[in-house]
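Notes for the one structure printed next.
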Amino acid sequence: MSIRFAVHNIDFELPESQKVRQWVAEVVRQRQKRVGNISYLFCDDEYMLQVNLQYLSHDTYTDIITFDYVAADLISGDILISVDRVGENARTYGVPFEQELHRVVIHGVLHLLGQGDKSPDEAAEMRRQEGEALALWEQMFHEEPIA
């Protein structure tokens with residue numbers, strides 16, 4: 001089983017990809033699930049719009065689309081992320097690009113784990129779980145300065 005990262009027609013490299021793999025796997029493990037095959041594709045707005053139109057009949061830009069292939073406790077899926085939207089969201093919300101990228105990366109996994117975000121209550125719960133996962137990232141990888 002694996003967590004893979006790919007890029008479609010853009011100049012982008014996921015920062016700290018090995019740490020992101022470890023983090024995603026830990027989020028899945030903490031929910032008593034197993035990592036199956038999770039594939040991330042980082043792309044631009046135009047490619048994301050094409051996918052959104054073709055597969056979801058949505059004529060809108062979005063930061064993430066998640067295709068769920070979960071079987072029982074084996075978490076698998078394809079997660080497409082628009083790097084353009086992540087950058088725009090980061091500017092809009094006044095957060096660093098990498099923080100917003102991590103939020104979107106884990107957002108897709110939370111969908112695979114069963115968390116919706118359509119209703120206001122679901123959206124609030126999604127934000128809470130994103131916050132927990134981002135705190136876990138800090139816990140796992142924050143390095144204390146050497147005194």
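Chain labels run A, B, ... following the order of the structure tokens; each chain numbers its residues from 1, and ligands are numbered from 1 in the order shown.
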Enumerate, as a VMD selection string, the complete set of residues in stretch 30-144 of chain A that a backbone-based DSSP assignment places in helix (DSSP H, G or I).
chain A and resid 30 45 to 56 83 to 93 97 to 112 120 to 141
Extract, using only C-alpha atoms, all DNA, RNA and protein residues at most 10 Å from A:Val83, discarding same-chain residues fewer than 2 positions from it, and format them as JSON, numbers by chain.
{"A": [7, 10, 11, 12, 41, 42, 43, 44, 45, 48, 63, 64, 80, 81, 85, 86, 87, 88, 89, 97, 101, 104]}
Would you please extract all strand (DSSP E or B) residues from stretch 21-136 of chain A, as assigned by DSSP on the backbone, and give them as a list in words?
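Answer for stretch 21-136 of chain A restricted to strand (DSSP E or B) is Arg34, Val35, Gly36, Asn37, Ile38, Ser39, Tyr40, Leu41, Phe42, Cys43, Ile64, Ile65, Thr66, Phe67, Asp68, Ala71, Leu74, Ile75, Ser76, Gly77, Asp78, Ile79, Leu80, Ile81 and Ser82 of chain A.
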I need the residue nearest A:Leu110 from this list: A:Gln129, A:Gln18, A:Ser39, A:Gln32. Use only C-alpha atoms for the distance.
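Closest to A:Leu110, using only C-alpha atoms: A:Gln129.
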Residue among A:Gly108, A:Arg29, A:Leu53, A:Ile38 lying closest to A:Ile65, counting only C-alpha atoms:
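Under the stated criterion, the closest residue is A:Gly108.
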Leaving out A:Gly36 and any residue of its chain fewer than 4 positions from it, which residues lie within 9 Å of it when counting only C-alpha atoms, given as JSON, numbers by chain?
{"A": [1, 2, 3, 70, 71, 73, 74, 75, 76, 77]}
With C-alpha atoms retained, export the selected residues as a PDB file, in the first residue's frame.
```pdb
ATOM      1  CA  MET A   1       0.000   0.000   0.000  1.00  0.00           C
ATOM      2  CA  SER A   2       1.236   3.479  -0.684  1.00  0.00           C
ATOM      3  CA  ILE A   3       0.810   7.229  -0.650  1.00  0.00           C
ATOM      4  CA  VAL A  70     -12.364   3.072   0.290  1.00  0.00           C
ATOM      5  CA  ALA A  71     -13.117  -0.585   1.040  1.00  0.00           C
ATOM      6  CA  ASP A  73     -11.033  -0.026   6.759  1.00  0.00           C
ATOM      7  CA  LEU A  74      -8.640   0.230   3.772  1.00  0.00           C
ATOM      8  CA  ILE A  75      -8.382   3.922   2.885  1.00  0.00           C
ATOM      9  CA  SER A  76      -7.785   4.443  -0.835  1.00  0.00           C
ATOM     10  CA  GLY A  77      -8.540   7.207  -3.289  1.00  0.00           C
TER      11      GLY A  77
END
```
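Using only C-alpha atoms, the smallest distance between any of A:Met140, A:Ala135, A:Ala123, A:Ile106 and A:Val28 comes from A:Ile106.
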If you measure from atom CA of A:Trp23 to atom CA of A:Tyr69, what distance in Å do you get, rounded to one decimal?
20.2 Å
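Rounded to one decimal, atom CA of A:Asn52 and atom CA of A:Val20 lie 25.3 Å from each other.
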Selection near A:Gln115, 12 Å with only C-alpha atoms, sequence-local residues under 4 positions removed, as a list in words:
Arg31, Thr66, Asp68, Ile106, His107, Gly108, Val109, Leu110, His111, Ser119, Asp121, Glu122, Ala123, Ala124, Glu125, Met126, Arg127, Arg128, Gln129 and Glu130 of chain A
Could you save those same residues with C-alpha atoms as a CSV table (one decimal), in the first residue's frame?
```csv
chain,number,residue,atom,x,y,z
A,31,ARG,CA,-8.6,6.6,13.2
A,66,THR,CA,-11.5,13.5,-3.9
A,68,ASP,CA,-13.1,7.7,-2.9
A,106,ILE,CA,-5.4,16.4,4.9
A,107,HIS,CA,-8.9,17.6,3.8
A,108,GLY,CA,-8.9,15.0,1.1
A,109,VAL,CA,-7.8,12.2,3.5
A,110,LEU,CA,-10.6,13.3,5.9
A,111,HIS,CA,-13.1,12.8,3.1
A,119,SER,CA,-23.8,21.0,5.7
A,121,ASP,CA,-22.3,21.2,10.9
A,122,GLU,CA,-20.2,18.9,8.7
A,123,ALA,CA,-18.1,21.8,7.5
A,124,ALA,CA,-17.5,22.9,11.1
A,125,GLU,CA,-16.5,19.3,12.1
A,126,MET,CA,-14.2,19.1,9.0
A,127,ARG,CA,-12.4,22.3,10.1
A,128,ARG,CA,-12.0,20.9,13.6
A,129,GLN,CA,-10.5,17.7,12.3
A,130,GLU,CA,-8.2,19.7,9.9
```
When distances are computed from only C-alpha atoms, which of A:Leu49, A:Ala90, A:Ala133, A:Val35 shows the smallest separation from A:Val105?
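Of all the options, A:Ala133 lies closest to A:Val105.
Taking atom CA of A:Glu26 as the reference point, atom CA of A:Leu112 is found at 14.1 Å.
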Give me the residues within 7 Å of A:Tyr40 as a PyMOL selection string, counting only C-alpha atoms and dropping any in the same chain fewer than 4 places off.
chain A and resi 4-6+78-80
Just to be explicit: take each residue in the selection above, keep C-alpha atoms, and write the result as an mmCIF file, in the first residue's frame.
```cif
data_model
loop_
_atom_site.group_PDB
_atom_site.id
_atom_site.type_symbol
_atom_site.label_atom_id
_atom_site.label_comp_id
_atom_site.auth_asym_id
_atom_site.auth_seq_id
_atom_site.Cartn_x
_atom_site.Cartn_y
_atom_site.Cartn_z
ATOM 1 C CA ARG A 4 1.974 8.703 -3.960
ATOM 2 C CA PHE A 5 2.426 12.223 -5.294
ATOM 3 C CA ALA A 6 2.369 13.287 -8.934
ATOM 4 C CA ASP A 78 -7.354 9.750 -5.809
ATOM 5 C CA ILE A 79 -7.013 13.316 -4.559
ATOM 6 C CA LEU A 80 -6.557 16.166 -7.026
#
```
May I have the residues within 9 Å of A:Tyr47 as a PyMOL selection string, using only C-alpha atoms and disregarding those fewer than 5 positions away in the same chain?
chain A and resi 8-9+52+82
